[in-house]
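J.: Provided below: protein.txt, containing compact mmCIF, C-alpha atoms.
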# COMPACT_ATOMS: atom_id res chain seq x y z
CA MET A 1 0.00 0.00 0.00
CA GLU A 2 2.79 2.42 0.87
CA THR A 3 4.40 1.76 -2.52
CA LEU A 4 1.16 2.58 -4.32
CA ILE A 5 0.75 5.77 -2.29
CA LYS A 6 4.30 6.80 -3.26
CA ILE A 7 3.50 6.17 -6.92
CA TYR A 8 0.33 8.29 -6.67
CA ALA A 9 2.31 10.99 -4.87
CA ILE A 10 4.91 11.07 -7.65
CA ILE A 11 2.21 11.28 -10.32
CA GLY A 12 0.50 14.06 -8.36
CA THR A 13 3.77 15.95 -8.06
CA VAL A 14 4.37 15.71 -11.81
CA PHE A 15 0.94 17.15 -12.59
CA SER A 16 1.41 19.88 -9.99
CA LEU A 17 4.63 20.91 -11.69
CA LEU A 18 2.87 21.00 -15.06
CA TYR A 19 0.37 23.49 -13.64
CA LEU A 20 3.06 25.60 -11.95
CA TYR A 21 2.91 28.06 -14.86
CA GLN A 22 -0.52 29.18 -13.66
CA ALA A 23 1.08 30.30 -10.39
CA ILE A 24 3.64 32.24 -12.42
CA PHE A 25 0.76 33.79 -14.37
CA ILE A 26 -0.34 35.49 -11.13
CA ILE A 27 2.93 37.44 -11.12
CA VAL A 28 2.90 38.42 -14.80
CA PRO A 29 0.37 41.33 -14.61
CA PHE A 30 2.52 43.00 -11.95
CA ILE A 31 5.68 43.01 -14.05
CA LYS A 32 4.38 43.42 -17.61
CA LYS A 33 2.14 45.98 -19.27
CA HIS A 34 -0.02 45.75 -22.37
CA LYS A 35 1.39 47.16 -25.59
CA PRO A 36 -0.26 50.32 -26.99
CA HIS A 37 -2.96 49.66 -29.55
CA LYS A 38 -2.30 50.12 -33.23
CA GLU A 39 -4.35 52.54 -35.28
CA THR A 40 -8.00 51.71 -34.72
CA VAL A 41 -10.32 51.06 -37.66
CA ILE A 42 -14.09 51.32 -37.26
CA HIS A 43 -15.39 47.90 -38.26
CA LYS A 44 -18.93 46.90 -39.03
CA ILE A 45 -19.90 44.58 -36.17
CA GLY A 46 -22.91 42.33 -35.66
CA VAL A 47 -23.86 41.31 -32.11
CA LEU A 48 -25.18 37.74 -31.86
CA ILE A 49 -27.52 36.80 -29.03
CA SER A 50 -28.97 33.32 -28.65
CA ALA A 51 -32.03 33.53 -26.40
CA ARG A 52 -34.48 30.95 -25.14
CA ASN A 53 -37.28 32.36 -22.98
CA GLU A 54 -35.19 35.31 -21.84
CA SER A 55 -37.95 37.93 -21.61
CA ALA A 56 -36.93 38.81 -18.05
CA VAL A 57 -33.43 40.02 -18.95
CA ILE A 58 -32.90 40.55 -22.66
CA SER A 59 -34.12 44.16 -22.79
CA GLN A 60 -31.35 45.26 -20.39
CA LEU A 61 -28.72 43.68 -22.63
CA ILE A 62 -30.03 45.26 -25.82
CA ASP A 63 -30.35 48.63 -24.10
CA SER A 64 -26.72 48.40 -22.94
CA ILE A 65 -25.69 47.65 -26.53
CA ASN A 66 -27.71 50.60 -27.81
CA ALA A 67 -25.94 52.78 -25.23
CA GLN A 68 -22.46 51.88 -26.53
CA ASP A 69 -20.13 54.73 -27.47
CA TYR A 70 -19.37 52.89 -30.71
CA PRO A 71 -20.75 54.43 -33.96
CA LYS A 72 -24.39 53.35 -34.20
CA GLU A 73 -24.25 52.86 -37.98
CA ALA A 74 -21.50 50.25 -37.54
CA LEU A 75 -23.31 48.15 -34.93
CA THR A 76 -26.34 45.86 -35.41
CA VAL A 77 -27.96 43.64 -32.79
CA PHE A 78 -29.24 40.22 -33.86
CA VAL A 79 -31.30 37.88 -31.70
CA VAL A 80 -32.19 34.29 -32.46
CA ALA A 81 -35.30 33.48 -30.41
CA ASP A 82 -34.57 29.78 -30.07
CA ASN A 83 -37.57 27.56 -29.33
CA CYS A 84 -39.12 30.35 -27.25
CA THR A 85 -42.54 30.01 -25.67
CA ASP A 86 -42.56 33.54 -24.23
CA ASN A 87 -42.33 37.02 -25.79
CA THR A 88 -38.54 37.20 -26.07
CA ALA A 89 -38.78 37.90 -29.82
CA GLU A 90 -41.32 40.70 -29.37
CA ILE A 91 -39.33 42.41 -26.61
CA SER A 92 -36.13 42.16 -28.64
CA ARG A 93 -37.78 43.82 -31.65
CA GLU A 94 -39.24 46.57 -29.45
CA HIS A 95 -35.73 47.40 -28.27
CA GLY A 96 -34.32 47.59 -31.78
CA ALA A 97 -32.88 44.14 -32.47
CA VAL A 98 -33.17 42.21 -35.72
CA VAL A 99 -34.86 38.97 -34.70
CA TYR A 100 -34.92 35.52 -36.28
CA GLU A 101 -37.12 32.86 -34.72
CA ARG A 102 -36.01 29.24 -34.71
CA PHE A 103 -38.05 26.16 -33.83
CA ASN A 104 -36.15 22.89 -33.81
CA LYS A 105 -36.65 20.32 -31.06
CA GLU A 106 -34.01 17.92 -32.34
CA LYS A 107 -30.94 20.11 -32.78
CA VAL A 108 -30.99 21.79 -29.38
CA GLY A 109 -28.27 24.01 -27.97
CA LYS A 110 -26.51 27.33 -28.30
CA GLY A 111 -24.21 26.08 -31.06
CA TYR A 112 -27.11 25.18 -33.35
CA ALA A 113 -28.86 28.48 -32.62
CA LEU A 114 -25.73 30.52 -33.41
CA ASN A 115 -25.18 28.63 -36.65
CA TYR A 116 -28.79 29.24 -37.71
CA LEU A 117 -28.43 32.94 -36.92
CA LEU A 118 -25.19 33.29 -38.85
CA GLN A 119 -26.61 31.52 -41.89
CA ASN A 120 -29.51 33.98 -42.01
CA ILE A 121 -27.27 37.01 -41.51
CA GLU A 122 -24.79 35.92 -44.17
CA ASN A 123 -27.66 35.42 -46.60
CA ASP A 124 -29.59 38.62 -45.80
CA TYR A 125 -26.54 40.91 -45.57
CA LYS A 126 -24.33 39.39 -48.26
CA ASP A 127 -24.25 42.67 -50.19
CA ASN A 128 -23.07 44.58 -47.11
CA PRO A 129 -21.34 42.02 -44.89
CA PHE A 130 -20.07 42.45 -41.36
CA ASP A 131 -16.37 42.54 -40.51
CA ALA A 132 -16.83 40.72 -37.21
CA TYR A 133 -19.36 39.31 -34.78
CA ILE A 134 -19.61 39.58 -31.00
CA VAL A 135 -21.32 36.71 -29.15
CA LEU A 136 -23.25 37.53 -25.99
CA ASP A 137 -25.70 35.74 -23.72
CA ALA A 138 -29.12 37.24 -23.06
CA ASP A 139 -28.40 37.82 -19.35
CA ASN A 140 -25.32 39.98 -20.05
CA VAL A 141 -25.05 43.74 -19.72
CA LEU A 142 -22.12 45.77 -21.07
CA GLU A 143 -20.06 48.72 -19.97
CA PRO A 144 -20.63 51.61 -22.44
CA ASN A 145 -17.13 51.27 -23.97
CA TYR A 146 -17.30 47.50 -24.42
CA VAL A 147 -17.54 47.35 -28.21
CA THR A 148 -15.06 50.21 -28.68
CA GLU A 149 -12.46 48.38 -26.61
CA MET A 150 -13.07 45.05 -28.33
CA ASN A 151 -12.67 46.76 -31.69
CA LYS A 152 -9.29 48.18 -30.63
CA THR A 153 -7.90 44.69 -30.01
CA PHE A 154 -9.54 43.45 -33.22
CA SER A 155 -7.81 46.32 -35.06
CA ASP A 156 -4.50 45.11 -33.60
CA GLY A 157 -4.84 42.06 -35.83
CA TYR A 158 -6.45 39.47 -33.55
CA GLN A 159 -9.13 37.52 -35.42
CA ILE A 160 -10.69 36.32 -32.15
CA VAL A 161 -10.92 38.45 -29.00
CA THR A 162 -12.35 37.77 -25.56
CA GLY A 163 -13.16 40.32 -22.86
CA TYR A 164 -13.25 40.75 -19.08
CA ARG A 165 -16.06 38.72 -17.53
CA ASN A 166 -17.62 40.11 -14.36
CA SER A 167 -20.80 39.23 -12.46
CA LYS A 168 -24.01 41.14 -11.87
CA ASN A 169 -25.01 39.03 -8.86
CA TYR A 170 -21.76 38.26 -7.05
CA GLY A 171 -23.29 38.73 -3.61
CA ASP A 172 -26.43 36.64 -4.06
CA SER A 173 -24.97 33.43 -2.61
CA TRP A 174 -21.76 31.49 -2.06
CA VAL A 175 -22.56 29.67 -5.31
CA SER A 176 -22.87 32.79 -7.48
CA ALA A 177 -19.72 34.16 -5.81
CA GLY A 178 -17.85 30.91 -6.55
CA TYR A 179 -18.60 31.25 -10.25
CA ALA A 180 -17.84 34.97 -10.33
CA LEU A 181 -14.54 34.68 -8.49
CA TRP A 182 -13.42 31.92 -10.87
CA PHE A 183 -14.29 34.02 -13.93
CA LEU A 184 -12.55 37.07 -12.47
CA ARG A 185 -9.47 34.97 -11.87
CA GLU A 186 -9.72 33.56 -15.39
CA SER A 187 -9.84 37.06 -16.84
CA LYS A 188 -7.12 38.62 -14.69
CA TYR A 189 -4.67 35.78 -14.14
CA LEU A 190 -5.19 33.47 -17.09
CA ASN A 191 -6.29 35.37 -20.20
CA ASN A 192 -4.64 38.62 -19.16
CA SER A 193 -1.35 36.84 -18.46
CA ARG A 194 -1.61 34.82 -21.66
CA MET A 195 -1.99 38.05 -23.60
CA LEU A 196 0.98 39.63 -21.82
CA THR A 197 3.17 36.60 -22.55
CA ASN A 198 2.09 36.45 -26.20
CA THR A 199 0.31 33.12 -26.09
CA SER A 200 -3.29 32.27 -26.98
CA CYS A 201 -6.18 33.10 -24.68
CA ALA A 202 -9.40 31.09 -24.32
CA ILE A 203 -12.97 32.24 -24.77
CA GLY A 204 -15.39 31.52 -21.97
CA GLY A 205 -18.95 31.05 -23.14
CA THR A 206 -19.88 34.67 -23.68
CA GLY A 207 -18.31 38.03 -24.47
CA PHE A 208 -16.07 37.25 -27.41
CA LEU A 209 -15.53 38.52 -30.94
CA PHE A 210 -14.56 36.64 -34.08
CA SER A 211 -13.93 37.96 -37.57
CA ARG A 212 -15.92 37.18 -40.68
CA ASP A 213 -12.82 35.40 -41.98
CA ILE A 214 -13.06 32.98 -39.05
CA CYS A 215 -16.77 32.58 -39.74
CA ASN A 216 -16.10 31.76 -43.37
CA LYS A 217 -13.26 29.41 -42.48
CA TYR A 218 -15.58 27.18 -40.47
CA ASN A 219 -18.63 27.83 -42.68
CA GLY A 220 -20.57 29.47 -39.87
CA TRP A 221 -20.63 28.22 -36.31
CA ASN A 222 -20.18 24.47 -36.56
CA PHE A 223 -19.34 23.76 -32.94
CA PHE A 224 -22.05 21.72 -31.27
CA LEU A 225 -20.51 20.00 -28.24
CA LEU A 226 -21.90 20.80 -24.79
CA THR A 227 -19.05 23.28 -24.28
CA GLU A 228 -18.99 24.86 -27.71
CA ASP A 229 -16.79 27.70 -26.42
CA ILE A 230 -13.94 25.37 -25.44
CA GLU A 231 -14.42 23.40 -28.64
CA PHE A 232 -14.10 26.63 -30.65
CA THR A 233 -11.00 27.64 -28.67
CA VAL A 234 -9.23 24.31 -29.04
CA GLN A 235 -9.98 24.05 -32.77
CA ASN A 236 -8.54 27.51 -33.39
CA VAL A 237 -5.45 26.86 -31.29
CA ILE A 238 -4.85 23.63 -33.22
CA ASP A 239 -5.18 25.66 -36.43
CA GLY A 240 -2.52 28.08 -35.19
CA GLN A 241 -4.87 30.97 -34.39
CA LYS A 242 -3.91 33.19 -31.45
CA ILE A 243 -6.88 34.47 -29.42
CA GLY A 244 -6.51 37.96 -27.94
CA PHE A 245 -7.76 39.42 -24.65
CA CYS A 246 -9.20 42.89 -24.08
CA PRO A 247 -9.01 43.80 -20.35
CA ASN A 248 -11.02 47.01 -20.76
CA ALA A 249 -14.04 45.34 -22.41
CA VAL A 250 -16.14 44.52 -19.35
CA LEU A 251 -19.40 42.60 -19.34
CA TYR A 252 -21.52 41.35 -16.47
CA ASP A 253 -23.49 38.11 -16.51
CA GLU A 254 -25.77 36.27 -14.15
CA GLN A 255 -24.56 33.26 -12.19
CA PRO A 256 -26.72 30.50 -10.69
CA THR A 257 -27.49 31.04 -7.02
CA SER A 258 -28.68 27.59 -5.93
CA PHE A 259 -26.35 24.62 -5.58
CA LYS A 260 -28.81 22.35 -7.39
CA GLN A 261 -28.93 24.64 -10.40
CA SER A 262 -25.15 25.02 -10.30
CA TRP A 263 -24.64 21.25 -10.20
CA LYS A 264 -26.82 20.85 -13.28
CA GLN A 265 -24.93 23.51 -15.22
CA ARG A 266 -21.46 22.31 -14.26
CA LEU A 267 -22.48 18.73 -15.04
CA ARG A 268 -23.03 19.88 -18.63
CA TRP A 269 -19.71 21.71 -18.62
CA SER A 270 -17.87 18.67 -17.27
CA LYS A 271 -19.43 16.43 -19.90
CA GLY A 272 -18.48 19.00 -22.51
CA PHE A 273 -14.84 18.99 -21.41
CA LEU A 274 -14.78 15.21 -21.70
CA GLN A 275 -16.32 15.49 -25.18
CA VAL A 276 -13.71 18.04 -26.26
CA PHE A 277 -10.89 15.83 -25.01
CA SER A 278 -12.35 12.81 -26.80
CA LYS A 279 -12.72 14.70 -30.09
CA TYR A 280 -9.64 16.92 -30.05
CA GLY A 281 -7.23 15.41 -27.52
CA THR A 282 -5.07 13.54 -30.03
CA LYS A 283 -4.91 16.47 -32.46
CA LEU A 284 -4.08 18.87 -29.67
CA ALA A 285 -1.33 16.60 -28.34
CA LYS A 286 0.24 16.41 -31.81
CA SER A 287 -0.06 20.18 -32.24
CA ILE A 288 2.03 20.73 -29.11
CA PHE A 289 5.04 19.71 -31.19
CA THR A 290 3.95 21.05 -34.59
CA ARG A 291 2.26 24.38 -33.73
CA ASN A 292 2.74 26.91 -30.94
CA PHE A 293 4.03 24.80 -28.04
CA THR A 294 2.90 27.11 -25.23
CA SER A 295 -0.61 27.73 -26.58
CA CYS A 296 -1.31 24.07 -27.35
CA MET A 297 0.15 22.83 -24.07
CA ASP A 298 -1.85 25.43 -22.16
CA MET A 299 -5.11 24.36 -23.84
CA MET A 300 -4.30 20.71 -23.20
CA LEU A 301 -3.90 21.51 -19.51
CA VAL A 302 -7.17 23.47 -19.56
CA ILE A 303 -9.19 20.42 -20.62
CA PHE A 304 -7.05 17.81 -18.82
CA PRO A 305 -8.29 18.24 -15.20
CA SER A 306 -11.48 16.36 -16.06
CA ILE A 307 -9.42 13.46 -17.39
CA ILE A 308 -7.16 13.52 -14.32
CA THR A 309 -10.24 13.37 -12.09
CA ILE A 310 -11.67 10.34 -13.91
CA LEU A 311 -8.35 8.49 -14.05
CA SER A 312 -7.73 9.16 -10.36
CA PHE A 313 -11.20 7.94 -9.47
CA PHE A 314 -10.74 4.60 -11.28
CA ALA A 315 -7.21 4.18 -9.92
CA LEU A 316 -8.42 4.64 -6.36
CA ILE A 317 -11.37 2.28 -6.87
CA ILE A 318 -9.10 -0.42 -8.26
CA THR A 319 -6.60 0.14 -5.44
CA ALA A 320 -9.33 -0.15 -2.84
CA ILE A 321 -10.73 -3.35 -4.39
CA VAL A 322 -7.29 -4.97 -4.53
CA ALA A 323 -6.51 -3.88 -0.99
CA ILE A 324 -9.75 -5.34 0.33
CA ALA A 325 -9.22 -8.58 -1.60
CA LEU A 326 -5.71 -8.92 -0.17
CA GLN A 327 -6.88 -7.82 3.30
CA MET A 328 -4.54 -4.84 3.26
CA ASP A 329 -4.92 -1.89 5.63
CA LEU A 330 -6.90 0.93 3.93
CA VAL A 331 -6.15 3.49 6.64
CA PRO A 332 -2.96 4.81 4.94
CA LEU A 333 -4.84 5.33 1.66
CA ILE A 334 -7.75 7.09 3.36
CA THR A 335 -5.36 9.26 5.39
CA TRP A 336 -3.44 10.19 2.24
CA LEU A 337 -6.65 11.15 0.45
CA LEU A 338 -7.85 13.30 3.35
CA CYS A 339 -4.48 15.06 3.57
CA GLY A 340 -4.58 15.76 -0.16
CA ALA A 341 -8.09 17.20 0.12
CA LEU A 342 -7.10 19.39 3.07
CA MET A 343 -4.00 20.66 1.25
CA SER A 344 -6.08 21.75 -1.73
CA TYR A 345 -8.13 24.14 0.42
CA PRO A 346 -5.33 26.65 1.21
CA LEU A 347 -4.23 26.58 -2.44
CA MET A 348 -7.69 27.53 -3.70
CA PHE A 349 -8.07 30.02 -0.86
CA VAL A 350 -4.90 31.83 -1.90
CA ILE A 351 -6.18 32.02 -5.50
CA GLY A 352 -9.47 33.46 -4.26
CA LEU A 353 -7.68 35.82 -1.85
CA VAL A 354 -5.34 37.26 -4.47
CA THR A 355 -8.16 37.67 -6.98
CA THR A 356 -10.45 39.32 -4.43
CA ILE A 357 -7.77 41.78 -3.31
CA THR A 358 -6.66 42.84 -6.78
CA GLU A 359 -10.18 42.95 -8.25
CA TRP A 360 -11.77 44.44 -5.14
CA LYS A 361 -13.26 47.44 -6.92
CA GLN A 362 -14.69 45.22 -9.66
CA ILE A 363 -16.66 43.11 -7.18
CA HIS A 364 -20.02 44.75 -6.56
CA CYS A 365 -21.33 43.56 -3.22
CA GLU A 366 -20.95 44.27 0.49
CA THR A 367 -17.52 44.10 2.09
CA TYR A 368 -18.34 41.24 4.45
CA LYS A 369 -19.51 39.11 1.51
CA LYS A 370 -16.30 39.74 -0.39
CA ILE A 371 -14.40 38.42 2.63
CA LEU A 372 -16.79 35.56 3.45
CA TYR A 373 -16.87 34.16 -0.08
CA MET A 374 -13.08 33.86 -0.20
CA PHE A 375 -13.49 31.10 2.39
CA THR A 376 -16.31 29.31 0.56
CA PHE A 377 -14.57 29.53 -2.82
CA PRO A 378 -12.37 26.41 -2.25
CA ILE A 379 -15.47 24.41 -1.30
CA PHE A 380 -17.21 25.50 -4.49
CA ILE A 381 -14.21 24.41 -6.57
CA ALA A 382 -13.95 21.08 -4.72
CA THR A 383 -17.50 20.15 -5.73
CA ASN A 384 -16.27 19.91 -9.33
CA VAL A 385 -14.78 16.51 -8.46
CA PRO A 386 -18.04 14.58 -7.85
CA ILE A 387 -19.70 16.52 -10.68
CA THR A 388 -17.00 15.38 -13.12
CA ILE A 389 -17.30 11.77 -11.96
CA GLU A 390 -21.07 11.84 -12.49
CA ALA A 391 -20.59 13.42 -15.93
CA PHE A 392 -18.44 10.48 -17.01
CA PHE A 393 -21.18 7.96 -16.31
CA LYS A 394 -24.29 9.99 -17.09
CA LYS A 395 -25.80 11.01 -20.41
CA VAL A 396 -26.04 14.79 -20.33
CA GLU A 397 -28.04 16.99 -22.69
CA TRP A 398 -28.17 20.74 -23.13
CA THR A 399 -30.88 22.46 -21.09
CA PRO A 400 -31.37 26.20 -20.61
CA ILE A 401 -30.52 27.91 -17.31
CA PRO A 402 -33.25 30.40 -16.31
CA HIS A 403 -32.18 34.03 -15.83
CA THR A 404 -34.13 36.43 -13.63
CA LYS A 405 -31.71 39.19 -12.54
CA SER A 406 -32.83 42.24 -14.47
CA ARG A 407 -30.17 44.83 -13.66
CA THR A 408 -28.71 47.78 -15.49
CA ILE A 409 -25.07 48.87 -15.26
CA SER A 410 -25.91 51.61 -12.77
CA GLU A 411 -27.89 49.17 -10.61
CA ILE A 412 -25.01 46.69 -10.60
CA ARG A 413 -22.60 49.39 -9.47
CA ARG A 414 -24.95 50.44 -6.68
CA GLU A 415 -25.77 46.87 -5.64
CA ASN A 416 -24.85 46.62 -1.96
CA SER A 417 -21.96 48.97 -2.60
CA ASN A 418 -20.93 52.56 -2.06
CA GLU A 419 -17.90 54.75 -2.61
CA LEU A 420 -16.58 54.09 0.89
CA ASP A 421 -16.79 50.35 0.36
CA THR A 422 -14.75 50.42 -2.86
CA GLN A 423 -11.96 52.27 -1.12
CA SER A 424 -11.94 50.43 2.18
CA PHE A 425 -9.57 47.57 1.35
Please lay out the structure from this file as structure tokens.
T.:
Amino acid sequence: METLIKIYAIIGTVFSLLYLYQAIFIIVPFIKKHKPHKETVIHKIGVLISARNESAVISQLIDSINAQDYPKEALTVFVVADNCTDNTAEISREHGAVVYERFNKEKVGKGYALNYLLQNIENDYKDNPFDAYIVLDADNVLEPNYVTEMNKTFSDGYQIVTGYRNSKNYGDSWVSAGYALWFLRESKYLNNSRMLTNTSCAIGGTGFLFSRDICNKYNGWNFFLLTEDIEFTVQNVIDGQKIGFCPNAVLYDEQPTSFKQSWKQRLRWSKGFLQVFSKYGTKLAKSIFTRNFTSCMDMMLVIFPSIITILSFFALIITAIVAIALQMDLVPLITWLLCGALMSYPLMFVIGLVTTITEWKQIHCETYKKILYMFTFPIFIATNVPITIEAFFKKVEWTPIPHTKSRTISEIRRENSNELDTQSF
């Protein structure tokens, strides 16, 4: 048993060393600065919104797009009302969006909806095409300079750009805070650091731009796995495309507040990661040595935790079965597992602590919640382990997550916050 534990410990150490670069990424923003933008060109941009029964929130998003400081004649909002049974389409039209309605009960999911929307746009606007598209979710709201900032990075030559993802309901629960803190960390200490070190970033579900050239390359949006954002990222990295990051393009989205709802959503994400690894793992591994090493290795390590979790689960089950059959003492194995779990808490806490301190002014909730949710963040992350294990065994299908937080930018800034609070840390 002790020999097996030593082997597991060695394997764990190797994987820890592979992920050491993410600790280094925390230092990068403090020692490097972003390069000045090149000359900015005003591009014609279409905003793509896939919405399914989003009548409670979609008007705030469209209004925040209409309030952008970007030239109005160069910006058009498109909504695909996907299998809606409410008045999402009507509300979207009332607020100035071009709406296409889609009804398909077999091909269900955001990927199919986006592809349908792009096909209609490319057909209806072929005489006056768009230079790029921005993908948003219906629950998002944007800072007024969002599109202007995204366009600056697009003008720098990046064919795909992702922005800074914030939350409009950070303080609602420890669950919503867990999501939000992870996305803030992803923006500040993953994508931001990737951009500063000249490697490829990764898009994260919403708030990203891609050029018409990218659209034409893939003949629309032909990414239909449960995590179509990661699929899109990995495919482009394999193809040698470098994804840019725009730190000044800030959007806010709504996070689940209940643990049950969160489990359901992350179950889909975990299944999606496993799907991406199954479909692209071999190609990505080969690309590590034939394309950009750092970008491809980074993306491999992004999707690999799910595989590590599954492999570790089966290894421990087999070890336990053999130990019981041979009447070996299981106490050392159980003790080792508990120690490993306890050691992961301070690591995740430090990540949450650093992110909370540096992004303090970007977190819109009461001071005590900012502090409290640093302590619950490691617990939230730890729950990904059983979720991933369930995802391996269970058939998972795409289902919509209901959104109810109707908040404008000014309301988000005022939410449980004041000027004294933003300066008190």
J.: For each of A:Val99, A:Leu342, A:Ala177, A:Val41, take the minimum atom-to-atom distance to A:Met150, counting all atoms listed in the file, then give the residue where this is smallest.
T.: A:Val41
J.: Please determine, counting all atoms listed in the file, which residue among A:Val47, A:Ala113, A:Cys296, A:Ile31 has the shortest atom-to-atom distance to A:Ile134.
T.: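 For A:Ile134, the nearest of the given residues is A:Val47.
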J.: Need the shell around A:Gly111: protein/DNA/RNA residues with any atom at most 12 Å away, counting only C-alpha atoms. Skip same-chain ones fewer than 6 positions apart. Format as a PDB file with C-alpha atoms, in the coordinates of the input?
T.:
ATOM      1  CA  LEU A  48     -25.180  37.740 -31.860  1.00  0.00           C
ATOM      2  CA  ILE A  49     -27.520  36.800 -29.030  1.00  0.00           C
ATOM      3  CA  SER A  50     -28.970  33.320 -28.650  1.00  0.00           C
ATOM      4  CA  ALA A  51     -32.030  33.530 -26.400  1.00  0.00           C
ATOM      5  CA  VAL A  80     -32.190  34.290 -32.460  1.00  0.00           C
ATOM      6  CA  ASP A  82     -34.570  29.780 -30.070  1.00  0.00           C
ATOM      7  CA  LEU A 117     -28.430  32.940 -36.920  1.00  0.00           C
ATOM      8  CA  LEU A 118     -25.190  33.290 -38.850  1.00  0.00           C
ATOM      9  CA  VAL A 135     -21.320  36.710 -29.150  1.00  0.00           C
ATOM     10  CA  GLY A 205     -18.950  31.050 -23.140  1.00  0.00           C
ATOM     11  CA  GLY A 220     -20.570  29.470 -39.870  1.00  0.00           C
ATOM     12  CA  TRP A 221     -20.630  28.220 -36.310  1.00  0.00           C
ATOM     13  CA  ASN A 222     -20.180  24.470 -36.560  1.00  0.00           C
ATOM     14  CA  PHE A 223     -19.340  23.760 -32.940  1.00  0.00           C
ATOM     15  CA  PHE A 224     -22.050  21.720 -31.270  1.00  0.00           C
ATOM     16  CA  LEU A 225     -20.510  20.000 -28.240  1.00  0.00           C
ATOM     17  CA  LEU A 226     -21.900  20.800 -24.790  1.00  0.00           C
ATOM     18  CA  THR A 227     -19.050  23.280 -24.280  1.00  0.00           C
ATOM     19  CA  GLU A 228     -18.990  24.860 -27.710  1.00  0.00           C
ATOM     20  CA  ASP A 229     -16.790  27.700 -26.420  1.00  0.00           C
ATOM     21  CA  ILE A 230     -13.940  25.370 -25.440  1.00  0.00           C
ATOM     22  CA  GLU A 231     -14.420  23.400 -28.640  1.00  0.00           C
ATOM     23  CA  PHE A 232     -14.100  26.630 -30.650  1.00  0.00           C
ATOM     24  CA  TRP A 398     -28.170  20.740 -23.130  1.00  0.00           C
TER      25      TRP A 398
END
J.: Rounded to one decimal place, report the atom CA of A:Asp69-atom CA of A:Glu149 distance in Å.
T.: 10.0 Å
J.: When you draw a straight line from atom CA of A:Phe277 to atom CA of A:Trp174, how long is it in Å?
T.: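 The value is 29.8 Å.
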J.: Up to 7 Å from (-7.0, 36.5, -24.4) in the file's coordinates: name the residues, counting only C-alpha atoms, as JSON, numbers by chain.
T.: {"A": [161, 162, 191, 192, 194, 195, 200, 201, 202, 243, 244, 245, 246]}
J.: List as a VMD selection string the protein and nucleic acid residues near stretch 9-18 of chain A, meaning an atom at most 10 Å away when only C-alpha atoms are counted, but skip any in the same chain fewer than 5 places from it.
T.: chain A and resid 3 to 4 297 to 298 301 305 308 312 336 340
J.: For A:Phe30, work out the shell of residues within 12 Å, counting all atoms listed in the file and skipping chain neighbours fewer than 2 positions away, then give it as a PDB file with C-alpha atoms, in the frame of the given file.
T.:
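around.pdb written:
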ATOM      1  CA  ILE A  24       3.640  32.240 -12.420  1.00  0.00           C
ATOM      2  CA  PHE A  25       0.760  33.790 -14.370  1.00  0.00           C
ATOM      3  CA  ILE A  26      -0.340  35.490 -11.130  1.00  0.00           C
ATOM      4  CA  ILE A  27       2.930  37.440 -11.120  1.00  0.00           C
ATOM      5  CA  VAL A  28       2.900  38.420 -14.800  1.00  0.00           C
ATOM      6  CA  LYS A  32       4.380  43.420 -17.610  1.00  0.00           C
ATOM      7  CA  LYS A  33       2.140  45.980 -19.270  1.00  0.00           C
ATOM      8  CA  HIS A  34      -0.020  45.750 -22.370  1.00  0.00           C
ATOM      9  CA  LYS A 188      -7.120  38.620 -14.690  1.00  0.00           C
ATOM     10  CA  TYR A 189      -4.670  35.780 -14.140  1.00  0.00           C
ATOM     11  CA  ASN A 192      -4.640  38.620 -19.160  1.00  0.00           C
ATOM     12  CA  SER A 193      -1.350  36.840 -18.460  1.00  0.00           C
ATOM     13  CA  LEU A 196       0.980  39.630 -21.820  1.00  0.00           C
ATOM     14  CA  THR A 358      -6.660  42.840  -6.780  1.00  0.00           C
TER      15      THR A 358
END
J.: Just to confirm, what's the straight-line distance from atom CA of A:Phe392 to atom CA of A:Met300 in Å (one decimal)?
T.: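 Computing the Euclidean distance for atom CA of A:Phe392 and atom CA of A:Met300 yields 18.5 Å.
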J.: Which one of A:Glu254, A:Glu122, A:Asp139, A:Asp131 sits closest to A:Asp63 if you count all atoms listed in the file?
T.: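 Among the listed residues, the smallest separation from A:Asp63 belongs to A:Asp139.
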J.: Here's a test: counting only C-alpha atoms, identify every protein, DNA and RNA residue with an atom at most 7 Å from (-16.6, 47.0, -34.6) in the file's coordinate frame, and state them as a list in words.
T.: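 Within the cut-off we find Ile42, His43, Lys44, Ile45, Ala74, Leu75, Ala132, Val147, Thr148 and Asn151 of chain A.
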J.: Considering only C-alpha atoms, return as a list of chain:residue names whatever protein or nucleic-acid residues lie within 7 Å of A:Leu251, sequence-local ones (same chain, fewer than 2 positions apart) excluded.
T.: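 The residues that qualify are A:Asn140, A:Val141, A:Leu142, A:Glu143, A:Tyr164, A:Arg165, A:Asn166, A:Gly207, A:Ala249, A:Asp253.
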J.: Return the padded bounding box of stretch 71-76 of chain A as lines of an AutoDock Vina configuration file: axis-aligned, built from all atoms listed in the file, 4 Å added on each side, with centre and edge lengths in Å to one decimal.
T.:
center_x = -23.5
center_y = 50.1
center_z = -36.0
size_x = 13.6
size_y = 16.6
size_z = 12.0
J.: Which of these, A:Ile351, A:Ile160, A:Cys84, A:Ala285, has the shortest distance to A:Gln241 once you count only C-alpha atoms?
T.: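 Distance minimum relative to A:Gln241 lands on A:Ile160.
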J.: Using 12 Å as the limit and counting only C-alpha atoms, can you tabulate each residue of stretch 126-232 of chain A that touches stretch 365-371 of chain A, with its shortest atom-to-atom distance in Å and the two atoms involved, as a tab-separated table?
T.:
residue	atom	partner	partner_atom	distance
A:Ser167	CA	A:Cys365	CA	10.2
A:Lys168	CA	A:Cys365	CA	9.4
A:Asn169	CA	A:Cys365	CA	8.1
A:Tyr170	CA	A:Cys365	CA	6.6
A:Gly171	CA	A:Cys365	CA	5.2
A:Asp172	CA	A:Cys365	CA	8.6
A:Ser173	CA	A:Lys369	CA	8.9
A:Trp174	CA	A:Lys369	CA	8.7
A:Ser176	CA	A:Lys369	CA	11.5
A:Ala177	CA	A:Lys370	CA	8.5
A:Gly178	CA	A:Lys370	CA	10.9
A:Ala180	CA	A:Lys370	CA	11.1
A:Leu181	CA	A:Lys370	CA	9.7
